[in-house]
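Text of the file upload-v9.cif, holding mmCIF, C-alpha atoms:
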data_protein
#
loop_
_atom_site.group_PDB
_atom_site.id
_atom_site.type_symbol
_atom_site.label_atom_id
_atom_site.label_comp_id
_atom_site.auth_asym_id
_atom_site.auth_seq_id
_atom_site.Cartn_x
_atom_site.Cartn_y
_atom_site.Cartn_z
ATOM 1 C CA MET A 1 18.900 32.270 28.598
ATOM 2 C CA TRP A 2 16.042 33.725 30.614
ATOM 3 C CA THR A 3 15.826 36.889 28.522
ATOM 4 C CA TRP A 4 14.758 34.711 25.583
ATOM 5 C CA PHE A 5 12.051 33.214 27.757
ATOM 6 C CA PHE A 6 10.749 36.576 28.892
ATOM 7 C CA GLN A 7 10.782 37.935 25.337
ATOM 8 C CA LEU A 8 8.119 35.365 24.478
ATOM 9 C CA ALA A 9 5.686 37.459 26.520
ATOM 10 C CA SER A 10 6.334 40.575 24.439
ATOM 11 C CA PRO A 11 3.930 40.937 21.490
ATOM 12 C CA LYS A 12 6.372 43.168 19.618
ATOM 13 C CA TRP A 13 9.203 40.664 19.897
ATOM 14 C CA VAL A 14 6.946 37.747 18.929
ATOM 15 C CA TYR A 15 5.628 39.669 15.914
ATOM 16 C CA GLN A 16 9.144 40.310 14.614
ATOM 17 C CA PHE A 17 10.209 36.738 15.390
ATOM 18 C CA ALA A 18 7.171 35.372 13.494
ATOM 19 C CA ASP A 19 8.025 37.586 10.536
ATOM 20 C CA LYS A 20 11.527 36.115 10.406
ATOM 21 C CA LEU A 21 10.434 32.488 10.831
ATOM 22 C CA LEU A 22 7.430 32.455 8.499
ATOM 23 C CA PRO A 23 9.209 32.269 5.108
ATOM 24 C CA TRP A 24 11.207 29.257 6.347
ATOM 25 C CA PHE A 25 8.171 27.549 7.802
ATOM 26 C CA ARG A 26 6.207 28.023 4.566
ATOM 27 C CA TRP A 27 8.887 26.347 2.468
ATOM 28 C CA ILE A 28 9.485 23.493 4.921
ATOM 29 C CA THR A 29 5.727 22.818 5.038
ATOM 30 C CA LEU A 30 5.449 22.722 1.258
ATOM 31 C CA VAL A 31 8.446 20.417 0.806
ATOM 32 C CA LEU A 32 7.283 18.041 3.559
ATOM 33 C CA PHE A 33 3.812 17.860 1.994
ATOM 34 C CA LEU A 34 5.244 17.046 -1.426
ATOM 35 C CA ILE A 35 7.460 14.297 0.020
ATOM 36 C CA GLY A 36 4.699 12.935 2.259
ATOM 37 C CA LEU A 37 2.080 12.869 -0.500
ATOM 38 C CA THR A 38 4.447 11.128 -2.943
ATOM 39 C CA LEU A 39 5.387 8.540 -0.329
ATOM 40 C CA GLY A 40 1.790 7.983 0.745
ATOM 41 C CA LEU A 41 0.147 7.848 -2.668
ATOM 42 C CA LEU A 42 2.872 6.195 -4.768
ATOM 43 C CA PHE A 43 5.540 4.514 -2.665
ATOM 44 C CA SER A 44 3.617 2.771 0.083
ATOM 45 C CA PRO A 45 1.974 -0.637 -0.212
ATOM 46 C CA GLN A 46 -1.713 -1.533 -0.035
ATOM 47 C CA ASP A 47 -3.116 -2.935 3.166
ATOM 48 C CA TYR A 48 -3.836 -6.653 2.984
ATOM 49 C CA GLN A 49 -7.413 -6.065 4.162
ATOM 50 C CA GLN A 50 -8.225 -2.455 3.343
ATOM 51 C CA GLY A 51 -6.556 -2.294 -0.052
ATOM 52 C CA ASN A 52 -5.912 1.258 -1.217
ATOM 53 C CA THR A 53 -8.276 2.939 1.250
ATOM 54 C CA VAL A 54 -5.413 2.713 3.733
ATOM 55 C CA ARG A 55 -3.996 5.758 1.914
ATOM 56 C CA ILE A 56 -6.688 7.886 3.574
ATOM 57 C CA MET A 57 -4.819 7.137 6.825
ATOM 58 C CA TYR A 58 -1.938 9.390 5.713
ATOM 59 C CA ILE A 59 -4.194 12.419 6.003
ATOM 60 C CA HIS A 60 -6.702 11.162 8.582
ATOM 61 C CA VAL A 61 -4.210 10.267 11.334
ATOM 62 C CA PRO A 62 -2.201 13.535 11.129
ATOM 63 C CA ALA A 63 -5.423 15.601 11.100
ATOM 64 C CA ALA A 64 -6.789 13.743 14.136
ATOM 65 C CA PHE A 65 -3.470 13.940 15.974
ATOM 66 C CA LEU A 66 -3.179 17.676 15.310
ATOM 67 C CA ALA A 67 -6.816 18.254 16.317
ATOM 68 C CA MET A 68 -6.006 16.914 19.791
ATOM 69 C CA PHE A 69 -2.523 18.458 19.960
ATOM 70 C CA VAL A 70 -3.843 21.929 19.069
ATOM 71 C CA TYR A 71 -6.513 21.620 21.746
ATOM 72 C CA VAL A 72 -3.877 20.905 24.400
ATOM 73 C CA VAL A 73 -1.810 23.895 23.207
ATOM 74 C CA MET A 74 -4.932 26.078 23.281
ATOM 75 C CA ALA A 75 -5.963 24.966 26.778
ATOM 76 C CA ILE A 76 -2.468 25.216 28.304
ATOM 77 C CA SER A 77 -1.751 28.661 26.855
ATOM 78 C CA GLY A 78 -5.241 29.763 27.909
ATOM 79 C CA GLY A 79 -4.461 28.504 31.411
ATOM 80 C CA ILE A 80 -1.117 30.321 31.488
ATOM 81 C CA GLY A 81 -2.867 33.514 30.399
ATOM 82 C CA PHE A 82 -5.571 33.026 33.008
ATOM 83 C CA ILE A 83 -3.211 32.402 35.927
ATOM 84 C CA TRP A 84 -0.329 34.772 35.172
ATOM 85 C CA ARG A 85 -2.324 37.260 33.081
ATOM 86 C CA ILE A 86 0.072 37.108 30.150
ATOM 87 C CA LYS A 87 -1.326 38.839 27.072
ATOM 88 C CA MET A 88 0.715 36.756 24.647
ATOM 89 C CA ALA A 89 -0.612 33.478 26.082
ATOM 90 C CA HIS A 90 -4.199 34.514 25.359
ATOM 91 C CA ILE A 91 -3.207 35.570 21.846
ATOM 92 C CA VAL A 92 -1.806 32.075 21.203
ATOM 93 C CA SER A 93 -4.846 30.399 22.742
ATOM 94 C CA VAL A 94 -7.356 32.384 20.700
ATOM 95 C CA SER A 95 -5.361 31.897 17.481
ATOM 96 C CA CYS A 96 -5.297 28.120 17.973
ATOM 97 C CA ALA A 97 -9.071 27.642 18.008
ATOM 98 C CA PRO A 98 -10.038 27.969 14.317
ATOM 99 C CA VAL A 99 -7.025 25.930 13.187
ATOM 100 C CA GLY A 100 -7.910 23.148 15.621
ATOM 101 C CA ALA A 101 -11.534 23.217 14.507
ATOM 102 C CA ILE A 102 -10.433 22.754 10.892
ATOM 103 C CA PHE A 103 -8.232 19.756 11.775
ATOM 104 C CA THR A 104 -11.132 18.213 13.720
ATOM 105 C CA LEU A 105 -13.495 18.724 10.800
ATOM 106 C CA LEU A 106 -10.959 17.164 8.407
ATOM 107 C CA ALA A 107 -10.396 14.171 10.691
ATOM 108 C CA LEU A 108 -14.163 13.588 10.865
ATOM 109 C CA ALA A 109 -14.637 13.995 7.106
ATOM 110 C CA THR A 110 -11.758 11.720 6.084
ATOM 111 C CA GLY A 111 -12.701 9.184 8.755
ATOM 112 C CA SER A 112 -16.212 9.000 7.435
ATOM 113 C CA LEU A 113 -15.002 8.657 3.829
ATOM 114 C CA TRP A 114 -12.787 5.787 4.986
ATOM 115 C CA GLY A 115 -15.601 4.254 7.026
ATOM 116 C CA GLN A 116 -17.993 3.857 4.099
ATOM 117 C CA PRO A 117 -15.840 1.431 2.048
ATOM 118 C CA THR A 118 -14.275 -0.234 5.104
ATOM 119 C CA TRP A 119 -17.027 -0.475 7.729
ATOM 120 C CA GLY A 120 -19.945 -0.028 5.348
ATOM 121 C CA THR A 121 -21.175 3.173 6.995
ATOM 122 C CA TYR A 122 -20.239 6.862 7.000
ATOM 123 C CA TRP A 123 -21.051 7.350 10.655
ATOM 124 C CA VAL A 124 -21.697 5.340 13.815
ATOM 125 C CA TRP A 125 -22.419 6.749 17.253
ATOM 126 C CA ASP A 126 -19.519 4.956 18.850
ATOM 127 C CA ALA A 127 -17.268 6.287 21.587
ATOM 128 C CA ARG A 128 -14.305 7.434 19.469
ATOM 129 C CA LEU A 129 -16.412 9.146 16.818
ATOM 130 C CA THR A 130 -18.773 10.782 19.297
ATOM 131 C CA SER A 131 -16.002 12.077 21.567
ATOM 132 C CA PHE A 132 -14.320 13.514 18.483
ATOM 133 C CA LEU A 133 -17.532 15.263 17.486
ATOM 134 C CA ILE A 134 -17.605 16.745 20.997
ATOM 135 C CA LEU A 135 -14.082 18.058 20.379
ATOM 136 C CA LEU A 136 -15.422 19.944 17.351
ATOM 137 C CA PHE A 137 -18.215 21.427 19.483
ATOM 138 C CA LEU A 138 -15.671 22.438 22.140
ATOM 139 C CA TYR A 139 -13.685 24.353 19.533
ATOM 140 C CA LEU A 140 -16.836 26.015 18.182
ATOM 141 C CA GLY A 141 -18.019 26.770 21.730
ATOM 142 C CA PHE A 142 -14.654 28.333 22.558
ATOM 143 C CA MET A 143 -14.862 30.635 19.530
ATOM 144 C CA ALA A 144 -18.516 31.524 20.142
ATOM 145 C CA LEU A 145 -17.874 32.278 23.811
ATOM 146 C CA HIS A 146 -14.887 34.449 22.978
ATOM 147 C CA ASN A 147 -16.966 36.409 20.485
ATOM 148 C CA ALA A 148 -19.841 36.861 22.926
ATOM 149 C CA PHE A 149 -18.070 39.413 25.136
ATOM 150 C CA ASP A 150 -17.412 43.023 24.222
ATOM 151 C CA ASP A 151 -14.614 43.259 26.742
ATOM 152 C CA ARG A 152 -11.624 41.334 25.425
ATOM 153 C CA LYS A 153 -10.137 40.549 28.841
ATOM 154 C CA THR A 154 -13.365 38.955 30.069
ATOM 155 C CA ALA A 155 -13.640 37.054 26.771
ATOM 156 C CA ASP A 156 -10.076 35.745 27.115
ATOM 157 C CA ARG A 157 -10.630 34.563 30.670
ATOM 158 C CA ALA A 158 -14.030 32.960 30.054
ATOM 159 C CA ALA A 159 -12.803 31.138 26.948
ATOM 160 C CA ALA A 160 -9.688 29.946 28.813
ATOM 161 C CA ILE A 161 -11.862 28.353 31.492
ATOM 162 C CA LEU A 162 -13.953 26.591 28.844
ATOM 163 C CA ALA A 163 -10.778 25.287 27.189
ATOM 164 C CA LEU A 164 -9.403 24.023 30.505
ATOM 165 C CA VAL A 165 -12.644 22.259 31.429
ATOM 166 C CA GLY A 166 -12.870 20.740 27.966
ATOM 167 C CA ILE A 167 -9.378 19.245 28.168
ATOM 168 C CA VAL A 168 -10.938 16.298 30.011
ATOM 169 C CA ASN A 169 -12.202 15.193 26.595
ATOM 170 C CA ILE A 170 -8.659 14.590 25.281
ATOM 171 C CA PRO A 171 -7.866 11.470 27.382
ATOM 172 C CA ILE A 172 -11.446 10.308 26.764
ATOM 173 C CA ILE A 173 -10.824 10.444 23.005
ATOM 174 C CA HIS A 174 -7.496 8.663 23.361
ATOM 175 C CA PHE A 175 -8.677 5.835 25.589
ATOM 176 C CA SER A 176 -12.214 5.542 24.158
ATOM 177 C CA VAL A 177 -11.149 2.666 21.912
ATOM 178 C CA TYR A 178 -9.999 0.697 24.965
ATOM 179 C CA TRP A 179 -12.734 1.659 27.440
ATOM 180 C CA TRP A 180 -15.722 0.937 25.223
ATOM 181 C CA ASN A 181 -16.462 -1.450 22.429
ATOM 182 C CA SER A 182 -15.626 0.564 19.358
ATOM 183 C CA LEU A 183 -15.463 0.010 15.638
ATOM 184 C CA HIS A 184 -12.401 2.236 15.597
ATOM 185 C CA GLN A 185 -9.029 0.531 15.848
ATOM 186 C CA GLY A 186 -6.516 1.194 18.615
ATOM 187 C CA ALA A 187 -3.197 3.001 18.274
ATOM 188 C CA THR A 188 -0.742 1.508 15.800
ATOM 189 C CA ILE A 189 2.212 3.738 16.604
ATOM 190 C CA SER A 190 3.248 3.584 20.228
ATOM 191 C CA LYS A 191 6.182 5.122 22.041
ATOM 192 C CA PHE A 192 6.982 1.921 23.856
ATOM 193 C CA GLU A 193 6.467 -0.806 21.320
ATOM 194 C CA LYS A 194 7.626 -1.421 17.797
ATOM 195 C CA PRO A 195 4.972 -0.117 15.398
ATOM 196 C CA SER A 196 2.950 -2.884 13.764
ATOM 197 C CA MET A 197 3.107 -1.359 10.322
ATOM 198 C CA ASP A 198 5.052 -1.707 7.102
ATOM 199 C CA PRO A 199 8.186 0.524 7.221
ATOM 200 C CA ASP A 200 7.183 2.237 3.948
ATOM 201 C CA MET A 201 3.762 3.078 5.426
ATOM 202 C CA LEU A 202 5.385 4.334 8.610
ATOM 203 C CA LYS A 203 7.753 6.599 6.674
ATOM 204 C CA ALA A 204 4.857 8.158 4.755
ATOM 205 C CA LEU A 205 2.723 8.562 7.872
ATOM 206 C CA LEU A 206 5.477 10.154 9.968
ATOM 207 C CA THR A 207 6.379 12.570 7.156
ATOM 208 C CA MET A 208 2.740 13.607 6.879
ATOM 209 C CA ILE A 209 2.462 14.105 10.655
ATOM 210 C CA VAL A 210 5.511 16.423 10.636
ATOM 211 C CA ALA A 211 4.112 18.210 7.559
ATOM 212 C CA PHE A 212 0.798 18.815 9.364
ATOM 213 C CA GLN A 213 2.715 20.072 12.418
ATOM 214 C CA MET A 214 4.642 22.548 10.288
ATOM 215 C CA TYR A 215 1.423 23.634 8.578
ATOM 216 C CA PHE A 216 -0.097 24.265 12.001
ATOM 217 C CA LEU A 217 2.893 26.381 13.105
ATOM 218 C CA THR A 218 2.811 28.388 9.860
ATOM 219 C CA VAL A 219 -0.904 29.130 10.011
ATOM 220 C CA LEU A 220 -0.736 29.779 13.761
ATOM 221 C CA LEU A 221 2.030 32.380 13.330
ATOM 222 C CA GLN A 222 0.056 34.049 10.535
ATOM 223 C CA ARG A 223 -2.993 34.281 12.790
ATOM 224 C CA ILE A 224 -0.905 35.454 15.752
ATOM 225 C CA LYS A 225 0.499 38.318 13.666
ATOM 226 C CA ALA A 226 -2.999 39.613 12.860
ATOM 227 C CA GLU A 227 -4.146 39.151 16.456
ATOM 228 C CA ILE A 228 -1.144 41.094 17.808
ATOM 229 C CA LEU A 229 -1.798 43.995 15.426
ATOM 230 C CA GLN A 230 -5.421 44.161 16.494
ATOM 231 C CA ARG A 231 -4.721 44.032 20.213
ATOM 232 C CA GLU A 232 -1.712 46.343 20.193
ATOM 233 C CA LYS A 233 -3.243 48.996 17.947
ATOM 234 C CA LEU A 234 -2.658 51.704 20.546
ATOM 235 C CA SER A 235 1.027 50.974 21.028
ATOM 236 C CA GLY A 236 3.524 53.099 19.163
ATOM 237 C CA TRP A 237 5.352 50.383 17.246
ATOM 238 C CA VAL A 238 2.146 49.068 15.608
ATOM 239 C CA LYS A 239 1.057 52.537 14.577
ATOM 240 C CA LYS A 240 4.484 53.250 13.147
ATOM 241 C CA LYS A 241 4.592 49.927 11.322
ATOM 242 C CA VAL A 242 1.105 50.271 9.808
ATOM 243 C CA THR A 243 1.512 53.860 8.670
ATOM 244 C CA ASN A 244 4.994 53.175 7.272
ATOM 245 C CA SER A 245 4.118 49.978 5.402
ATOM 246 C CA THR A 246 1.142 51.543 3.635
ATOM 247 C CA ALA A 247 3.074 54.705 2.808
ATOM 248 C CA ASN A 248 5.624 52.659 0.838
ATOM 249 C CA MET B 1 6.018 2.231 -6.951
ATOM 250 C CA TYR B 2 2.896 0.184 -6.296
ATOM 251 C CA PHE B 3 0.893 1.043 -9.418
ATOM 252 C CA ASN B 4 1.416 -0.249 -12.945
ATOM 253 C CA SER B 5 -0.469 2.452 -14.854
ATOM 254 C CA ILE B 6 -2.014 5.882 -14.382
ATOM 255 C CA GLY B 7 -5.463 4.351 -14.782
ATOM 256 C CA GLU B 8 -4.812 1.984 -11.918
ATOM 257 C CA PHE B 9 -3.535 4.876 -9.812
ATOM 258 C CA ILE B 10 -6.687 6.928 -10.411
ATOM 259 C CA GLU B 11 -8.990 3.977 -9.854
ATOM 260 C CA MET B 12 -7.276 2.888 -6.598
ATOM 261 C CA GLY B 13 -8.707 -0.620 -6.763
ATOM 262 C CA GLY B 14 -12.276 0.655 -7.026
ATOM 263 C CA HIS B 15 -11.977 3.038 -4.069
ATOM 264 C CA GLY B 16 -10.782 6.045 -6.063
ATOM 265 C CA PHE B 17 -13.876 8.097 -5.217
ATOM 266 C CA TYR B 18 -13.367 7.920 -1.426
ATOM 267 C CA ILE B 19 -9.606 8.351 -1.551
ATOM 268 C CA TRP B 20 -9.499 11.251 -3.996
ATOM 269 C CA LEU B 21 -12.435 13.009 -2.330
ATOM 270 C CA SER B 22 -10.644 12.777 1.048
ATOM 271 C CA TYR B 23 -7.439 14.190 -0.393
ATOM 272 C CA ALA B 24 -9.340 16.936 -2.221
ATOM 273 C CA ILE B 25 -11.196 18.007 0.926
ATOM 274 C CA VAL B 26 -8.074 17.999 3.106
ATOM 275 C CA LEU B 27 -5.711 19.724 0.686
ATOM 276 C CA GLY B 28 -8.417 22.115 -0.529
ATOM 277 C CA LEU B 29 -9.490 23.297 2.914
ATOM 278 C CA MET B 30 -5.898 23.525 4.161
ATOM 279 C CA ALA B 31 -4.807 25.538 1.115
ATOM 280 C CA PHE B 32 -7.814 27.840 1.499
ATOM 281 C CA TYR B 33 -7.154 28.402 5.187
ATOM 282 C CA TYR B 34 -3.457 28.997 4.559
ATOM 283 C CA ILE B 35 -4.249 31.815 2.107
ATOM 284 C CA PHE B 36 -7.011 33.178 4.352
ATOM 285 C CA SER B 37 -4.756 33.365 7.420
ATOM 286 C CA LYS B 38 -1.899 34.809 5.385
ATOM 287 C CA ARG B 39 -4.100 37.739 4.341
ATOM 288 C CA LEU B 40 -5.404 38.363 7.875
ATOM 289 C CA ALA B 41 -2.470 40.530 8.975
ATOM 290 C CA LYS B 42 -2.671 42.673 5.812
ATOM 291 C CA LYS B 43 -6.421 43.167 6.273
ATOM 292 C CA GLN B 44 -5.823 44.107 9.894
ATOM 293 C CA GLU B 45 -3.266 46.709 8.809
ATOM 294 C CA GLN B 46 -5.814 48.313 6.474
ATOM 295 C CA THR B 47 -8.458 48.402 9.215
ATOM 296 C CA LEU B 48 -5.950 49.960 11.595
ATOM 297 C CA LEU B 49 -4.958 52.567 9.039
ATOM 298 C CA LYS B 50 -8.584 53.731 8.841
ATOM 299 C CA PHE B 51 -8.764 53.646 12.636
ATOM 300 C CA TYR B 52 -5.656 55.865 12.981
ATOM 301 C CA ARG B 53 -6.996 58.313 10.368
ATOM 302 C CA ARG B 54 -10.276 58.576 12.259
ATOM 303 C CA MET B 55 -8.424 59.128 15.527
ATOM 304 C CA ASN B 56 -6.237 61.808 13.954
ATOM 305 C CA SER B 57 -9.166 63.671 12.403
ATOM 306 C CA ARG B 58 -11.045 63.503 15.693
ATOM 307 C CA THR B 59 -8.158 65.034 17.632
ATOM 308 C CA GLU B 60 -7.761 67.659 14.896
ATOM 309 C CA THR B 61 -11.438 68.681 15.006
ATOM 310 C CA SER B 62 -11.418 68.817 18.786
ATOM 311 C CA ASN B 63 -8.327 71.014 18.581
ATOM 312 C CA ASN B 64 -10.149 73.294 16.110
ATOM 313 C CA VAL B 65 -13.164 73.528 18.371
ATOM 314 C CA GLN B 66 -10.941 74.487 21.274
ATOM 315 C CA THR B 67 -9.149 77.175 19.284
ATOM 316 C CA SER B 68 -12.392 78.610 17.938
ATOM 317 C CA LEU B 69 -13.814 78.699 21.447
ATOM 318 C CA GLY B 70 -10.679 80.421 22.564
ATOM 319 C CA GLU B 71 -11.102 83.058 19.857
ATOM 320 C CA GLU B 72 -14.656 83.806 20.892
ATOM 321 C CA LYS B 73 -13.491 84.608 24.352
#
What do you get writing this file as structure tokens?
Amino acid sequence: MWTWFFQLASPKWVYQFADKLLPWFRWITLVLFLIGLTLGLLFSPQDYQQGNTVRIMYIHVPAAFLAMFVYVVMAISGGIGFIWRIKMAHIVSVSCAPVGAIFTLLALATGSLWGQPTWGTYWVWDARLTSFLILLFLYLGFMALHNAFDDRKTADRAAAILALVGIVNIPIIHFSVYWWNSLHQGATISKFEKPSMDPDMLKALLTMIVAFQMYFLTVLLQRIKAEILQREKLSGWVKKKVTNSTAN
Amino acid sequence: MYFNSIGEFIEMGGHGFYIWLSYAIVLGLMAFYYIFSKRLAKKQEQTLLKFYRRMNSRTETSNNVQTSLGEEK
């Protein structure tokens, strides 16, 4: 059992594993999106107050959830790389950043397009929205900091520290709607209580959340593959693979 | 199904603009990024191929220089 665990630290093993998993992940993502979009756009009811704008929720909530989830993955793997100096952990951390930034941007964009018809404004400087904007800046800061160093090891370590410090923003985002007066509503799905939502809406929303998760894993593995090639360019297996694949 | 006609579906009770724009932005950007990240590894392979060629030619020229120096002696 432990060999499997240790293999996760080997770039070569991870590269081959990603190659095997990716075709499956791509298909699962596509199918889940098709199901989720059909459920959300056609087979879920209108909200009694929001009308059809509630359908924006099926893409807004998964994007926002993933934006925070990806940040936690990025910070934890950065931390693991920082403490135990594991190359693979830094590769994961660095590959997470652009994907997380995209989810954050999408959550902000869809939220603002929902806000205009529902609240009457695209943007308010309230706690939830502002802390989410800070999340976007944290992602951008992470990427900028990582690019600012010529030495990759220093870049990895500096960026990991930034990610770890920035993780304090995640609980702030989550609890902002309870701590401050906010226009944004609280959580509707909770682990401990029955969700206060129509079952058809819940089905669509959960499918979309899983679809976004699978999309994240697919894109992350694709990025990881490129990152491994770049970092391992001096090792024999990469050289062999590159020269062989282009010769064919 | 909660819509009676295609027109109703597109109009979305008057909020079609916001809803369809949201879906277009999300699906568009995600599709773009999917393709972009899928090509990353291939691009990296091409860069590495050039890098290996340069390394090989460099070692070859340095070998030549050494042999020519050796001949002069």
**OP:** Restrict the distance test to only C-alpha atoms, flag each residue of chain B within 8 Å of chain A, and return the flagged residues as an NGL selection string.
**Re:** :B and (1-3 or 12-13 or 15 or 18-19 or 21-23 or 25-26 or 33-34 or 37-38 or 40-42 or 44-46 or 48-49 or 52)
Original post:
Could you name the residues that touch range 182-197 of chain A at 9 Å or less, counting only C-alpha atoms, but leaving out those on the same chain fewer than 6 positions away, as a ChimeraX atom specification?
Top reply: /A:119,124,126-129,174-176
Keeping C-alpha atoms, export the residues of the selection given above as a compact mmCIF listing (two decimals), in the coordinates of the input.
# COMPACT_ATOMS: atom_id res chain seq x y z
CA TRP A 119 -17.03 -0.48 7.73
CA VAL A 124 -21.70 5.34 13.82
CA ASP A 126 -19.52 4.96 18.85
CA ALA A 127 -17.27 6.29 21.59
CA ARG A 128 -14.30 7.43 19.47
CA LEU A 129 -16.41 9.15 16.82
CA HIS A 174 -7.50 8.66 23.36
CA PHE A 175 -8.68 5.84 25.59
CA SER A 176 -12.21 5.54 24.16
Original post:
Between CA of Phe32 in chain B and CA of Asp19 in chain A, what is the distance, to one decimal in Å?
Top reply: 20.7 Å
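Distances from A:Ile35, A:Met88, A:Ala64, A:Val168 to Gln7 in chain A were compared using all atoms listed in the file, and the smallest one belongs to A:Met88.
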**OP:** Report as a PyMOL selection string the residues that result from applying the PyMOL selection byres ((chain A and resi 137) around 12) to the structure here.
**Re:** chain A and resi 71+97-98+100-102+104-105+130-136+138-145+162-163+166+169
**OP:** Report as a ChimeraX atom specification the full result of the PyMOL selection byres ((chain A and resi 90) around 10) when it is applied to this structure.
**Re:** /A:74-82,85-89,91-96,153,155-157,159-160
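Coordinates place CA of Asp47 in chain A at a distance of 13.8 Å from CA of Ala204 in chain A.
Nearest to Tyr15 in chain A of all the residues A:Leu205, A:Trp237, A:Pro62, A:Met1 is A:Trp237, based on only C-alpha atoms.
Atom pair CA of Glu232 in chain A / CA of Thr61 in chain B: separated by 24.9 Å.
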